[in-house]
Structure formats: structure tokens, C-alpha cells
Amino acid sequence: GEQVEQLPSILRVQEGSSASINCSYEDSASNYFPWYKQEPGENPKLIIDIRSNMERKQIQELIVLLDKKAKRFSLHITDTQPGDSAMYFCAAMGNYQLIWGSGTKLIIKP
Amino acid sequence: GPKVLQIPSHQIIDMGQMVTLNCDPVSNHLYFYWYKQILGQQMEFLVNFYNGKVMEKSKLFKDQFSVERPDGSYFTLKIQPTALEDSAVYFCASSRDWGGADTQYFGPGTRLLVL
């Protein structure tokens, strides 16, 4: 079936620096790309999303980029803080279903 | 923001028993979803549901699984009979529209342990 590849699986960055997570998808018809943050024992929470009619979106310290030609999208967290430590999942909307990446464990080092 | 509720939060049952997971979606949402997440791993799509019908289901949605939403009450996932590999967290989600048109909101999950 359709896949979304997400890298890296673990990302350690120094507090205050930037973190980048990359995803690629297969279905060229995908038109919606949300990013979710999941803390241990919690449900995933939408933090930012981008639709296929956009190339870039920013909400405060979160930036998402979408390259439809390459079928890639990415999340960039600028000025990381300890509270940013969590699992991050990208996803791509296929026909009727949201196809998830395998997740990135982001660790912010003090 | 919009809230999806799930009942119960935890369930422990013996293998072979039936279990029903309940989801109370956002009130004006029309599309409903179930996902399965084994600890620390990715979310895996099980099924989506609209207008009383299953629209799409994945290969994880075994014959022992069924979903329904009788008369606008809870959106339920029933597993009968349960197997050990059904142990996971099950998340319900809902959206007003589907596809790229709207966001899915997730419930807090039901942690199912099959012994």
C-alpha cells in the first residue's frame, strides 16, 4: 500500500538550535499533509499542516515546506525548547485515509 | 479546540473475549476513523466511516473487527474475538469533511491489553 517515509527516527539537538524532520510520500494525489506531536501516553495533537496549494507555511517557530514535484515535505522547528521534546509524526492524506510516517523522537539537549 | 472523547481509557480482557471501544466524536463531524498504535510505533489506519458505511479499511481491519454508529450515538469499534496481537492503543478521530478538506481530531485513546 501507500507509504510515507519519515527520517530521522531519532533526532538530538541542542536547546536553541533548529530541528528538521523530513518525509516523503508516494501518492501524487495526496493533497493534505499534517504534522502531529505526541507526548508519552497522550494522543497525537496537530501542530501544523499544509495543503497542496501551498509550498511553505509558518506558525511561530514551526515551518513546513512542501515540494510536490519531489513528493517531499518537511518540518523545521527553530529555536527549540525543552518542551519540544516528543514524538513527531508526519502524515499524508491518501484517498480516504491518513497515511502516517514512522515517527521521529526529538530530544532537546539542555 | 474540538474534543473527541473515548471510553474507556483502559481495558484489560482475556483473549477470546469481545471488547467494544466507544468514541464520542466532535458534534458536527461526519467522518470517523479508527487507528491502532502499538507502544512507541507509528499510527496505523484501520478504518473510516461515513453516513453509516465503511468507506475504506486497511488489512489490519480483520474480520473480527466491526464498526458502527447507531442513531448518532457512539462510534464503536468491536473486536470479537480478541487476540493477543490486538493489544495496543486505539485512537478514534473525526473530521467535518474528509481528504484534504479538513483536519482530523484525535481522542485520547483506549489502551487495550489482551491477556
# chains A, B, ... in the order shown; residues from 1 in each chain; ligands from 1
>>> interface_residues(of="chain A", to="chain B", cutoff="9 Å", atoms="only C-alpha atoms", output="list in words")
Ser30, Asn31, Tyr32, Phe33, Pro34, Pro40, Gly41, Glu42, Asn43, Pro44, Lys45, Leu46, Asp49, Arg51, Ser52, Met87, Phe89, Met93, Gly94, Asn95, Tyr96, Gln97, Leu98, Ile99, Trp100, Gly101, Ser102 and Gly103 of chain A
>>> write_last_selection(atoms="N, CA, C and O atoms", output="short mmCIF file (atom, residue, chain, number, x, y, z; two decimals), in the first residue's frame")
data_model
loop_
_atom_site.label_atom_id
_atom_site.label_comp_id
_atom_site.auth_asym_id
_atom_site.auth_seq_id
_atom_site.Cartn_x
_atom_site.Cartn_y
_atom_site.Cartn_z
N SER A 30 -2.02 12.92 -3.17
CA SER A 30 -2.12 13.40 -1.78
C SER A 30 -2.18 14.92 -1.78
O SER A 30 -1.42 15.58 -2.51
N ASN A 31 -3.09 15.48 -0.98
CA ASN A 31 -3.26 16.93 -1.03
C ASN A 31 -3.28 17.59 0.34
O ASN A 31 -3.53 18.78 0.46
N TYR A 32 -3.00 16.81 1.39
CA TYR A 32 -3.04 17.38 2.72
C TYR A 32 -1.98 16.70 3.56
O TYR A 32 -1.90 15.47 3.57
N PHE A 33 -1.18 17.52 4.28
CA PHE A 33 -0.01 16.99 4.98
C PHE A 33 0.05 17.58 6.38
O PHE A 33 0.60 18.66 6.59
N PRO A 34 -0.50 16.87 7.35
CA PRO A 34 -0.44 17.38 8.73
C PRO A 34 0.78 16.85 9.46
O PRO A 34 1.35 15.81 9.12
N PRO A 40 4.43 11.21 25.57
CA PRO A 40 4.21 9.86 26.10
C PRO A 40 2.84 9.74 26.78
O PRO A 40 2.48 10.56 27.62
N GLY A 41 2.11 8.72 26.39
CA GLY A 41 0.81 8.46 27.00
C GLY A 41 -0.30 9.39 26.55
O GLY A 41 -1.42 9.32 27.07
N GLU A 42 -0.02 10.24 25.58
CA GLU A 42 -1.03 11.19 25.12
C GLU A 42 -1.47 10.87 23.69
O GLU A 42 -0.82 10.10 23.00
N ASN A 43 -2.55 11.50 23.27
CA ASN A 43 -2.96 11.35 21.87
C ASN A 43 -2.15 12.30 21.00
O ASN A 43 -1.60 13.29 21.49
N PRO A 44 -2.08 12.02 19.71
CA PRO A 44 -1.35 12.93 18.83
C PRO A 44 -2.11 14.23 18.67
O PRO A 44 -3.34 14.24 18.55
N LYS A 45 -1.40 15.32 18.67
CA LYS A 45 -2.02 16.64 18.54
C LYS A 45 -1.47 17.33 17.31
O LYS A 45 -0.26 17.41 17.11
N LEU A 46 -2.38 17.85 16.52
CA LEU A 46 -1.99 18.56 15.31
C LEU A 46 -1.26 19.84 15.68
O LEU A 46 -1.73 20.62 16.49
N ASP A 49 -0.15 22.12 9.60
CA ASP A 49 -0.46 21.33 8.41
C ASP A 49 -0.26 22.20 7.18
O ASP A 49 -0.14 23.42 7.26
N ARG A 51 -1.48 22.33 2.88
CA ARG A 51 -2.25 21.74 1.80
C ARG A 51 -1.47 21.88 0.50
O ARG A 51 -0.53 22.66 0.39
N SER A 52 -1.92 21.14 -0.50
CA SER A 52 -1.09 21.01 -1.70
C SER A 52 -1.01 22.28 -2.52
O SER A 52 -0.19 22.38 -3.44
N MET A 87 7.53 12.83 20.37
CA MET A 87 7.49 12.13 19.08
C MET A 87 6.75 13.03 18.09
O MET A 87 5.74 13.63 18.43
N PHE A 89 5.08 13.03 14.20
CA PHE A 89 4.65 12.21 13.08
C PHE A 89 4.22 13.10 11.92
O PHE A 89 3.45 14.04 12.11
N MET A 93 -2.46 12.68 3.32
CA MET A 93 -3.84 12.22 3.09
C MET A 93 -3.90 11.54 1.74
O MET A 93 -3.66 12.16 0.70
N GLY A 94 -4.25 10.24 1.75
CA GLY A 94 -4.45 9.48 0.52
C GLY A 94 -5.91 9.57 0.12
O GLY A 94 -6.56 10.56 0.37
N ASN A 95 -6.48 8.51 -0.42
CA ASN A 95 -7.88 8.51 -0.86
C ASN A 95 -8.81 8.94 0.25
O ASN A 95 -9.43 9.99 0.22
N TYR A 96 -8.99 8.09 1.20
CA TYR A 96 -9.83 8.41 2.34
C TYR A 96 -9.06 8.32 3.64
O TYR A 96 -9.59 8.59 4.68
N GLN A 97 -7.82 7.91 3.56
CA GLN A 97 -7.13 7.64 4.80
C GLN A 97 -5.87 8.49 4.94
O GLN A 97 -5.26 8.90 3.96
N LEU A 98 -5.52 8.72 6.20
CA LEU A 98 -4.30 9.42 6.54
C LEU A 98 -3.22 8.37 6.69
O LEU A 98 -3.34 7.45 7.49
N ILE A 99 -2.16 8.51 5.90
CA ILE A 99 -1.05 7.56 5.98
C ILE A 99 0.06 8.21 6.77
O ILE A 99 0.51 9.31 6.42
N TRP A 100 0.51 7.50 7.81
CA TRP A 100 1.43 8.09 8.76
C TRP A 100 2.87 7.68 8.50
O TRP A 100 3.14 6.55 8.07
N GLY A 101 3.77 8.59 8.80
CA GLY A 101 5.18 8.23 8.87
C GLY A 101 5.45 7.45 10.14
O GLY A 101 4.59 7.34 11.02
N SER A 102 6.65 6.93 10.24
CA SER A 102 7.01 6.05 11.36
C SER A 102 7.39 6.83 12.62
O SER A 102 7.62 6.23 13.67
N GLY A 103 7.50 8.14 12.52
CA GLY A 103 7.75 8.95 13.70
C GLY A 103 9.21 9.31 13.89
O GLY A 103 10.12 8.59 13.47
#
>>> residues_around(residues="Pro81 of chain B", least_positions_apart="4", cutoff="7 Å", atoms="only C-alpha atoms", output="ChimeraX atom specification")
/B:16-18,64
>>> select_by_dssp(residues="chain B", states="helix (DSSP H, G or I)", output="list in words")
Pro70, Asp71, Gly72, Leu84, Glu85, Asp86, Gly99, Gly100 and Ala101 of chain B
>>> atom_distance(atom1="atom CA of Gly52 of chain B", atom2="atom CA of Ile50 of chain A")
29.4 Å
>>> select_by_dssp(residues="chain B", states="strand (DSSP E)", output="number ranges by chain")
B: 5-7, 10-13, 19-24, 31-37, 43-50, 53-57, 65-68, 75-79, 88-95, 105-106, 110-114
>>> residues_around(residues="Ile21 of chain A", least_positions_apart="6", cutoff="10 Å", atoms="only C-alpha atoms", output="MDAnalysis selection string")
chainID A and resid 6:11 64 73:77 88:90 103:106
